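Only one structure is covered here, and it is reproduced in the block below.
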Amino acid sequence: MTFQTLTAEVGGFALQLCAQRAAFDPHLRSLFVADAHFGKDAVFRAHGVPVPAGGTHDDLARLDSLIATHRPVSIVFLGDLLHGRASLGSATVGALGEWRARHASVRVVTIEGNHDRSAGILPPSLGIETVQEPWMHGPWALCHYPQVVDGAYALAGHEHPVYVIASRSDSVRVPCFRFAAKYGVLPAFGAFTGGFVVNQLADDAAIYAIAQHRVIAVRERR
């Protein structure tokens, strides 16, 4: 399966937008991932909702694919690495531990998001640094909540932006990147997540939608 990467100018800098729902800075060799929500299926099952297991393994396999393609030296999660306290169970932590062992040389940093605070502290054995927003990295202010940061272009998550592609008789919601003048929002990386429709937002943001393993520019900045 081939996933497309599209290079866009964001805040005056080149950023590669990946159809696997992530972004890559080729100069810093850093991969940016928003809202993975690892272990969300475990949280639902802990509350008696019979959802299938395996979502975390599938998402980590997609992350493996991104690493194989881009060879990052660092990965930064833009908050909500985990979904809730049940995400710290043995199955999810074990899967994350195996993933970290496969990529032990890659620095992994996570911005603390609202779900991370409710989930609790990551086991030190995972080798994942937790930092507060905004975390400055090259030209970027890396955040969980979309916001304006003086002197830098902010990249954030939290919103889970989606774009509705519609015909006269049908419609589909697809993940998207949304880049306004001073901040941008990445799509949720986790496959088991909802979304916030951004079609009608009254701003000047550029929208890049992800459909059929491609990244498509559907709206340029006004």
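To be explicit about the labels: the chains of the structure tokens are called A, B, and onward in the order shown, and within each one the residues are counted from 1, while ligands get numbers from 1 in the order they are shown.
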Strand (DSSP E or B) positions in segment 130-217 of chain A, given as a PyMOL selection string: chain A and resi 130-131+135-137+140-142+153-156+161-166+171-179+183-185+188+196-197+206-211+214-217
Residues just named, written with C-alpha atoms as an mmCIF file, in the first residue's frame:
data_model
loop_
_atom_site.group_PDB
_atom_site.id
_atom_site.type_symbol
_atom_site.label_atom_id
_atom_site.label_comp_id
_atom_site.auth_asym_id
_atom_site.auth_seq_id
_atom_site.Cartn_x
_atom_site.Cartn_y
_atom_site.Cartn_z
ATOM 1 C CA THR A 130 6.679 14.575 28.495
ATOM 2 C CA VAL A 131 6.817 18.367 28.071
ATOM 3 C CA TRP A 135 7.493 23.400 23.178
ATOM 4 C CA MET A 136 9.858 25.183 20.818
ATOM 5 C CA HIS A 137 11.481 23.051 18.122
ATOM 6 C CA TRP A 140 7.687 25.557 15.386
ATOM 7 C CA ALA A 141 5.823 26.095 18.627
ATOM 8 C CA LEU A 142 4.481 22.614 19.266
ATOM 9 C CA TYR A 153 4.302 29.142 13.900
ATOM 10 C CA ALA A 154 2.262 26.854 16.152
ATOM 11 C CA LEU A 155 1.424 23.266 15.227
ATOM 12 C CA ALA A 156 -1.286 21.659 17.334
ATOM 13 C CA PRO A 161 -10.272 18.264 12.045
ATOM 14 C CA VAL A 162 -12.252 16.577 9.269
ATOM 15 C CA TYR A 163 -13.491 17.851 5.920
ATOM 16 C CA VAL A 164 -16.798 16.830 4.354
ATOM 17 C CA ILE A 165 -16.576 15.952 0.661
ATOM 18 C CA ALA A 166 -20.095 15.953 -0.774
ATOM 19 C CA SER A 171 -20.994 12.688 1.430
ATOM 20 C CA VAL A 172 -17.953 11.450 3.301
ATOM 21 C CA ARG A 173 -15.941 12.858 6.228
ATOM 22 C CA VAL A 174 -12.173 12.617 5.805
ATOM 23 C CA PRO A 175 -9.280 13.692 8.072
ATOM 24 C CA CYS A 176 -7.605 16.951 7.129
ATOM 25 C CA PHE A 177 -4.824 19.402 7.934
ATOM 26 C CA ARG A 178 -5.918 22.995 8.631
ATOM 27 C CA PHE A 179 -3.334 25.794 8.378
ATOM 28 C CA TYR A 183 -1.122 28.204 13.605
ATOM 29 C CA GLY A 184 -2.013 24.870 12.080
ATOM 30 C CA VAL A 185 -3.909 21.806 13.255
ATOM 31 C CA ALA A 188 -5.985 12.938 14.646
ATOM 32 C CA PHE A 196 -14.651 18.286 14.062
ATOM 33 C CA VAL A 197 -15.948 19.470 10.676
ATOM 34 C CA ALA A 206 -5.733 26.278 3.938
ATOM 35 C CA ILE A 207 -7.259 22.796 4.041
ATOM 36 C CA TYR A 208 -5.513 19.624 2.916
ATOM 37 C CA ALA A 209 -7.769 16.573 3.001
ATOM 38 C CA ILE A 210 -6.689 12.936 3.175
ATOM 39 C CA ALA A 211 -8.624 10.619 0.851
ATOM 40 C CA ARG A 214 -3.608 10.814 -0.970
ATOM 41 C CA VAL A 215 -3.260 14.367 0.374
ATOM 42 C CA ILE A 216 -5.407 16.830 -1.582
ATOM 43 C CA ALA A 217 -5.373 20.632 -1.385
#
Show me, as a tab-separated table, the residues of segment 115-205 of chain A having an atom within 7 Å of segment 16-35 of chain A, each with the closest atom pair and its distance in Å, using only C-alpha atoms.
residue	atom	partner	partner_atom	distance
A:Gly157	CA	A:Ala34	CA	5.0
A:His158	CA	A:Asp35	CA	6.5
A:Leu186	CA	A:Ala34	CA	6.1
A:Pro187	CA	A:Arg21	CA	5.9
A:Ala188	CA	A:Asp35	CA	4.8
A:Phe189	CA	A:Arg21	CA	5.3
A:Gly190	CA	A:Asp35	CA	6.3
Can you spit out the residues from that selection as a PDB file, in the first residue's frame, using N, CA and C atoms?
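Written output follows (again02.pdb):
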ATOM      1  N   GLY A 157      -2.863  19.941  17.861  1.00  0.00           N
ATOM      2  CA  GLY A 157      -3.833  18.882  17.614  1.00  0.00           C
ATOM      3  C   GLY A 157      -5.159  19.261  18.250  1.00  0.00           C
ATOM      4  N   HIS A 158      -5.700  18.344  19.040  1.00  0.00           N
ATOM      5  CA  HIS A 158      -6.884  18.525  19.879  1.00  0.00           C
ATOM      6  C   HIS A 158      -8.206  18.570  19.111  1.00  0.00           C
ATOM      7  N   LEU A 186      -3.149  19.516  12.992  1.00  0.00           N
ATOM      8  CA  LEU A 186      -2.968  18.245  12.316  1.00  0.00           C
ATOM      9  C   LEU A 186      -4.174  17.344  12.553  1.00  0.00           C
ATOM     10  N   PRO A 187      -4.437  16.419  11.637  1.00  0.00           N
ATOM     11  CA  PRO A 187      -5.527  15.468  11.860  1.00  0.00           C
ATOM     12  C   PRO A 187      -5.186  14.517  13.003  1.00  0.00           C
ATOM     13  N   ALA A 188      -6.214  13.954  13.620  1.00  0.00           N
ATOM     14  CA  ALA A 188      -5.985  12.938  14.646  1.00  0.00           C
ATOM     15  C   ALA A 188      -5.335  11.719  14.003  1.00  0.00           C
ATOM     16  N   PHE A 189      -4.260  11.247  14.619  1.00  0.00           N
ATOM     17  CA  PHE A 189      -3.563  10.074  14.087  1.00  0.00           C
ATOM     18  C   PHE A 189      -4.335   8.791  14.381  1.00  0.00           C
ATOM     19  N   GLY A 190      -4.933   8.708  15.560  1.00  0.00           N
ATOM     20  CA  GLY A 190      -5.654   7.502  15.939  1.00  0.00           C
ATOM     21  C   GLY A 190      -6.840   7.238  15.029  1.00  0.00           C
TER      22      GLY A 190
END
Which of segment 8-147 of chain A fall in helix (DSSP H, G or I), as a ChimeraX atom specification: /A:40-46,55-70,85-88,90-102,114-119,124-126
With C-alpha atoms kept, could you save the residues just selected as a PDB file, in the first residue's frame?
ATOM      1  CA  LYS A  40      -8.822   4.109  23.459  1.00  0.00           C
ATOM      2  CA  ASP A  41     -10.306   0.699  22.716  1.00  0.00           C
ATOM      3  CA  ALA A  42      -9.143  -0.492  26.157  1.00  0.00           C
ATOM      4  CA  VAL A  43     -10.834   2.492  27.805  1.00  0.00           C
ATOM      5  CA  PHE A  44     -14.125   1.704  26.061  1.00  0.00           C
ATOM      6  CA  ARG A  45     -13.954  -1.959  27.058  1.00  0.00           C
ATOM      7  CA  ALA A  46     -13.169  -0.981  30.659  1.00  0.00           C
ATOM      8  CA  GLY A  55      -6.587  -0.521  17.342  1.00  0.00           C
ATOM      9  CA  THR A  56      -3.321   0.404  19.054  1.00  0.00           C
ATOM     10  CA  HIS A  57      -1.394  -2.282  17.135  1.00  0.00           C
ATOM     11  CA  ASP A  58      -2.854  -1.049  13.835  1.00  0.00           C
ATOM     12  CA  ASP A  59      -1.932   2.570  14.597  1.00  0.00           C
ATOM     13  CA  LEU A  60       1.587   1.598  15.642  1.00  0.00           C
ATOM     14  CA  ALA A  61       2.004  -0.334  12.393  1.00  0.00           C
ATOM     15  CA  ARG A  62       1.070   2.854  10.510  1.00  0.00           C
ATOM     16  CA  LEU A  63       3.637   4.732  12.595  1.00  0.00           C
ATOM     17  CA  ASP A  64       6.233   2.077  11.709  1.00  0.00           C
ATOM     18  CA  SER A  65       5.481   2.772   8.049  1.00  0.00           C
ATOM     19  CA  LEU A  66       6.042   6.499   8.521  1.00  0.00           C
ATOM     20  CA  ILE A  67       9.354   5.868  10.266  1.00  0.00           C
ATOM     21  CA  ALA A  68      10.502   3.513   7.503  1.00  0.00           C
ATOM     22  CA  THR A  69       9.680   6.128   4.860  1.00  0.00           C
ATOM     23  CA  HIS A  70      11.037   9.289   6.512  1.00  0.00           C
ATOM     24  CA  ARG A  85      -6.278   5.618  32.630  1.00  0.00           C
ATOM     25  CA  ALA A  86      -7.140   2.181  31.227  1.00  0.00           C
ATOM     26  CA  SER A  87      -4.641   2.942  28.435  1.00  0.00           C
ATOM     27  CA  LEU A  88      -1.893   2.268  30.984  1.00  0.00           C
ATOM     28  CA  SER A  90      -0.492  -4.132  30.254  1.00  0.00           C
ATOM     29  CA  ALA A  91      -1.722  -4.619  26.669  1.00  0.00           C
ATOM     30  CA  THR A  92      -1.286  -0.996  25.551  1.00  0.00           C
ATOM     31  CA  VAL A  93       1.913  -0.382  27.533  1.00  0.00           C
ATOM     32  CA  GLY A  94       3.323  -3.653  26.227  1.00  0.00           C
ATOM     33  CA  ALA A  95       2.567  -2.702  22.622  1.00  0.00           C
ATOM     34  CA  LEU A  96       4.145   0.738  23.128  1.00  0.00           C
ATOM     35  CA  GLY A  97       7.177  -0.871  24.757  1.00  0.00           C
ATOM     36  CA  GLU A  98       7.689  -3.205  21.796  1.00  0.00           C
ATOM     37  CA  TRP A  99       7.337  -0.261  19.418  1.00  0.00           C
ATOM     38  CA  ARG A 100       9.923   1.785  21.344  1.00  0.00           C
ATOM     39  CA  ALA A 101      12.326  -1.167  21.294  1.00  0.00           C
ATOM     40  CA  ARG A 102      12.055  -1.274  17.499  1.00  0.00           C
ATOM     41  CA  ASN A 114      -5.980  16.842  28.316  1.00  0.00           C
ATOM     42  CA  HIS A 115      -6.344  13.067  27.896  1.00  0.00           C
ATOM     43  CA  ASP A 116      -2.737  12.519  28.985  1.00  0.00           C
ATOM     44  CA  ARG A 117      -3.449  14.278  32.269  1.00  0.00           C
ATOM     45  CA  SER A 118      -6.390  11.986  32.974  1.00  0.00           C
ATOM     46  CA  ALA A 119      -4.441   8.888  31.881  1.00  0.00           C
ATOM     47  CA  PRO A 124       9.801   5.628  32.436  1.00  0.00           C
ATOM     48  CA  SER A 125      10.680   2.349  30.677  1.00  0.00           C
ATOM     49  CA  LEU A 126       8.991   3.667  27.518  1.00  0.00           C
TER      50      LEU A 126
END
Long-range neighbours of Gly79 of chain A as a list in words, 6 Å cut-off, only C-alpha atoms, 4 positions minimum in chain: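 Neighbouring residues, sequence-local ones excluded: Asp35, Ile111, Glu112, Gly113 and His144 of chain A.
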